[in-house]
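Take a look at the structure below.
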Amino acid sequence: MQERTLFRARKTYTVSPIVHTIKDGVTTPHNAFVDNLGNILSLQEVQDLIEKTKSFYELDSIDNHIRKNNLEASLIKIRELYDIYLEQDENGLYLVPEPNYNYIEFGFRKRAWYGTCGWCSHKISSKLVEGYYALNHFSHELEREKACSVNCAEALWKDVVKDWIHRQGFQELFKL
Ligand SMILES: [Zn+2]
């Protein structure tokens, strides 16, 4: 029979310093394995777990699997933090989020306003145009850039988001 590798999370265990001993003023923590129901595992159970754990690390290309798993875990954390909605294609690759921007009208400002389009570098002047496009990035570390047109706003969005994906090291998780 052919061997298959299935990755599935079954039961979770926590390793916690359950007991602390103090000797000559020095505190030593003693770790125990605790299951998700709060039961402390016996030494035999811990030894069995370690045996099974060792075989996990001996699987083929396990380092690659660990790296990808941890990369996805940090992407999930960021998605929750910034409430980003990401679609996945049929291969599980995430799609670059759709451009998100607002049109900001100058209205009756007293003072003249000048800016630069983040994509084509054209000057945006409240004396010449009625407004500009402001990008709504999901990450606070991304600057709220301005664009002179819908085309520039969409191109700039894609560029900034792709650059962010690369800086985070997420490029293999996305369809770029
Ligand atoms: Zn432009």
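Letters A, B, ... go to the chains of the structure tokens in the order shown; residues in each chain start at 1; ligands are counted from 1 in the same order.
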
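By chain and then residue number, the residues within 12 Å of Thr14 (chain A) are Lys11, Thr12, Ser16, Pro17, Ile18, Asn31, Ala32, Phe33, Val34, Asp35, Asn36, Leu37, Gly38, Asn39, Ile40, Leu41 and Val46 of chain A, counting only C-alpha atoms and disregarding those fewer than 2 positions away in sequence.
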
List every residue of chain A that has an atom at most 6 Å from any atom of ligand 1, giving for each one its closest atom pair and the distance in Å to one decimal, counting only C-alpha atoms and all ligand atoms, sorted by chain and then by ascending residue number, as CSV.
```
residue,atom,partner,partner_atom_place_in_ligand_line,distance
A:Cys117,CA,ligand 1,1 (Zn),4.7
A:Trp119,CA,ligand 1,1 (Zn),5.1
A:Cys120,CA,ligand 1,1 (Zn),4.1
A:His122,CA,ligand 1,1 (Zn),5.6
A:Ala147,CA,ligand 1,1 (Zn),5.2
A:Cys148,CA,ligand 1,1 (Zn),4.2
A:Ser149,CA,ligand 1,1 (Zn),5.6
A:Cys152,CA,ligand 1,1 (Zn),4.6
```

Output for the residues just chosen: N, CA, C and O atoms as a tab-separated table (two decimals), in the first residue's frame:
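Output file part_32.tsv is given in full below:
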```tsv
chain	number	residue	atom	x	y	z
A	117	CYS	N	0.62	62.85	-7.30
A	117	CYS	CA	0.07	61.53	-7.55
A	117	CYS	C	1.17	60.50	-7.27
A	117	CYS	O	2.28	60.60	-7.79
A	119	TRP	N	1.43	57.58	-8.26
A	119	TRP	CA	1.73	56.69	-9.37
A	119	TRP	C	2.42	57.41	-10.52
A	119	TRP	O	3.51	57.04	-10.92
A	120	CYS	N	1.80	58.47	-11.07
A	120	CYS	CA	2.38	59.12	-12.25
A	120	CYS	C	3.16	60.39	-11.91
A	120	CYS	O	3.73	61.01	-12.80
A	122	HIS	N	2.19	63.28	-11.22
A	122	HIS	CA	1.59	64.56	-11.61
A	122	HIS	C	1.21	65.35	-10.37
A	122	HIS	O	0.79	64.77	-9.38
A	147	ALA	N	-3.80	59.68	-5.45
A	147	ALA	CA	-3.65	59.47	-6.89
A	147	ALA	C	-4.52	60.48	-7.63
A	147	ALA	O	-5.52	60.97	-7.09
A	148	CYS	N	-4.12	60.77	-8.88
A	148	CYS	CA	-4.84	61.80	-9.65
A	148	CYS	C	-6.03	61.24	-10.42
A	148	CYS	O	-6.90	62.01	-10.84
A	149	SER	N	-6.08	59.93	-10.64
A	149	SER	CA	-7.16	59.36	-11.44
A	149	SER	C	-7.47	57.95	-10.96
A	149	SER	O	-6.70	57.37	-10.17
A	152	CYS	N	-4.65	55.61	-12.03
A	152	CYS	CA	-3.46	55.73	-11.17
A	152	CYS	C	-3.73	55.12	-9.80
A	152	CYS	O	-2.86	54.47	-9.22
```

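Here CA of Glu72 (chain A) is placed at a distance of 8.2 Å from CA of Phe170 (chain A).
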
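Here CA of Thr28 (chain A) and CA of Tyr13 (chain A) stand 21.6 Å from one another.
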
Checklist line | helix (DSSP H, G or I) positions in region 5-96 of chain A, given as JSON, numbers by chain | finding: {"A": [43, 44, 45, 46, 47, 48, 49, 50, 51, 52, 53, 54, 55, 56, 57, 62, 63, 64, 65, 66, 67, 68, 69, 70, 71, 72, 73, 74, 75, 76, 77, 78, 79, 80, 81, 82]}

Run DSSP on the backbone and grab whatever in region 13-102 of chain A lands in strand (DSSP E or B); send it over as a compact mmCIF listing (two decimals) with N, CA, C and O atoms, in the first residue's frame.
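Wrote it out as out11.txt, contents follow:
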```txt
# COMPACT_ATOMS: atom_id res chain seq x y z
N TYR A 13 -1.85 20.21 22.86
CA TYR A 13 -1.23 20.11 24.18
C TYR A 13 -0.48 21.39 24.46
O TYR A 13 0.08 22.00 23.56
N THR A 14 -0.47 21.77 25.69
CA THR A 14 0.27 22.95 26.09
C THR A 14 1.37 22.49 27.03
O THR A 14 1.15 21.60 27.85
N VAL A 15 2.54 23.07 26.84
CA VAL A 15 3.62 22.79 27.79
C VAL A 15 3.69 23.99 28.72
O VAL A 15 3.98 25.10 28.29
N SER A 16 3.34 23.78 29.97
CA SER A 16 3.28 24.90 30.92
C SER A 16 4.12 24.62 32.16
O SER A 16 4.18 23.49 32.62
N PRO A 17 4.70 25.67 32.72
CA PRO A 17 5.40 25.51 34.01
C PRO A 17 4.35 25.43 35.12
O PRO A 17 3.88 26.44 35.62
N ILE A 18 3.95 24.20 35.44
CA ILE A 18 2.86 23.97 36.40
C ILE A 18 3.34 24.19 37.84
O ILE A 18 2.62 24.70 38.68
N VAL A 19 4.56 23.74 38.09
CA VAL A 19 5.09 23.82 39.46
C VAL A 19 6.38 24.63 39.45
O VAL A 19 7.20 24.51 38.53
N HIS A 20 6.55 25.46 40.45
CA HIS A 20 7.80 26.20 40.64
C HIS A 20 8.36 25.80 42.00
O HIS A 20 7.62 25.71 42.97
N THR A 21 9.65 25.54 42.03
CA THR A 21 10.27 25.28 43.33
C THR A 21 11.26 26.41 43.60
O THR A 21 11.89 26.94 42.68
N ILE A 22 11.38 26.73 44.85
CA ILE A 22 12.30 27.80 45.24
C ILE A 22 13.35 27.21 46.17
O ILE A 22 13.02 26.58 47.19
N LYS A 23 14.59 27.37 45.75
CA LYS A 23 15.69 26.89 46.59
C LYS A 23 16.74 27.99 46.65
O LYS A 23 17.16 28.50 45.59
N VAL A 26 16.26 30.94 44.51
CA VAL A 26 16.20 30.76 43.05
C VAL A 26 14.95 29.96 42.70
O VAL A 26 14.73 28.87 43.23
N THR A 27 14.14 30.52 41.81
CA THR A 27 12.90 29.86 41.39
C THR A 27 13.15 29.02 40.14
O THR A 27 13.72 29.51 39.17
N THR A 28 12.76 27.76 40.18
CA THR A 28 12.90 26.88 39.02
C THR A 28 11.53 26.45 38.55
O THR A 28 10.76 25.87 39.33
N PRO A 29 11.20 26.71 37.27
CA PRO A 29 9.90 26.24 36.77
C PRO A 29 10.01 24.78 36.32
O PRO A 29 11.04 24.35 35.83
N HIS A 30 8.95 24.00 36.54
CA HIS A 30 8.89 22.61 36.08
C HIS A 30 7.74 22.47 35.10
O HIS A 30 6.58 22.69 35.46
N ASN A 31 8.07 22.13 33.87
CA ASN A 31 7.06 22.05 32.81
C ASN A 31 6.32 20.73 32.81
O ASN A 31 6.91 19.68 33.08
N ALA A 32 5.06 20.79 32.46
CA ALA A 32 4.26 19.58 32.26
C ALA A 32 3.45 19.73 30.98
O ALA A 32 3.14 20.85 30.58
N PHE A 33 3.14 18.59 30.34
CA PHE A 33 2.25 18.59 29.19
C PHE A 33 0.82 18.56 29.71
O PHE A 33 0.48 17.71 30.54
N VAL A 34 0.01 19.48 29.20
CA VAL A 34 -1.39 19.56 29.61
C VAL A 34 -2.24 19.46 28.35
O VAL A 34 -1.94 20.11 27.35
N ASP A 35 -3.29 18.62 28.37
CA ASP A 35 -4.13 18.53 27.17
C ASP A 35 -5.20 19.62 27.18
O ASP A 35 -5.29 20.40 28.14
N ILE A 40 -3.19 16.81 33.17
CA ILE A 40 -1.74 16.71 33.09
C ILE A 40 -1.39 15.30 32.63
O ILE A 40 -1.90 14.31 33.18
N GLN A 88 -9.28 33.15 -2.20
CA GLN A 88 -8.29 32.15 -2.62
C GLN A 88 -8.71 31.54 -3.94
O GLN A 88 -9.91 31.39 -4.21
N TYR A 94 -3.78 33.01 -2.43
CA TYR A 94 -4.57 34.21 -2.14
C TYR A 94 -4.46 35.18 -3.30
O TYR A 94 -3.41 35.30 -3.94
N LEU A 95 -5.57 35.88 -3.55
CA LEU A 95 -5.57 36.89 -4.61
C LEU A 95 -5.28 38.25 -3.99
O LEU A 95 -5.67 38.52 -2.85
N TYR A 101 -10.30 52.68 -2.53
CA TYR A 101 -9.93 54.11 -2.45
C TYR A 101 -11.19 54.97 -2.41
O TYR A 101 -12.28 54.51 -2.75
N ASN A 102 -11.01 56.19 -1.98
CA ASN A 102 -12.12 57.15 -1.93
C ASN A 102 -11.78 58.34 -2.80
O ASN A 102 -10.62 58.72 -2.91
```

Margin query: For a test of reading the model, state the distance in Å between CA of Lys123 (chain A) and CA of Gly107 (chain A), rounded to one decimal.
Written below: 18.1 Å

Margin query: What's around Val96 (chain A) at 8 Å? Count only C-alpha atoms, leave out sequence neighbours fewer than 5 positions away in its own chain, and write the answer as a list in words.
Written below: Leu86, Lys158, Val161, Lys162, Phe174, Lys175 and Leu176 of chain A

Note to self: For Phe138 (chain A), find every residue with an atom within 9 Å (counting only C-alpha atoms), except residues of its own chain fewer than 5 positions away, and show them as JSON, numbers by chain.
What the structure shows: {"A": [82, 83, 84]}

Go ahead and save the picked residues with C-alpha atoms, as a PDB file, in the first residue's frame.
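The result, written out as selection19.pdb:
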```pdb
ATOM      1  CA  TYR A  82      -6.487  44.408   9.999  1.00  0.00           C
ATOM      2  CA  ASP A  83      -9.731  42.606   9.127  1.00  0.00           C
ATOM      3  CA  ILE A  84      -8.581  41.914   5.555  1.00  0.00           C
TER       4      ILE A  84
END
```

Notebook entry, point to check: From the list A:Gly169, A:Pro99, A:Gly25, A:Gly92, which residue is nearest Val150 (chain A) when using only C-alpha atoms?
Noted result: A:Pro99
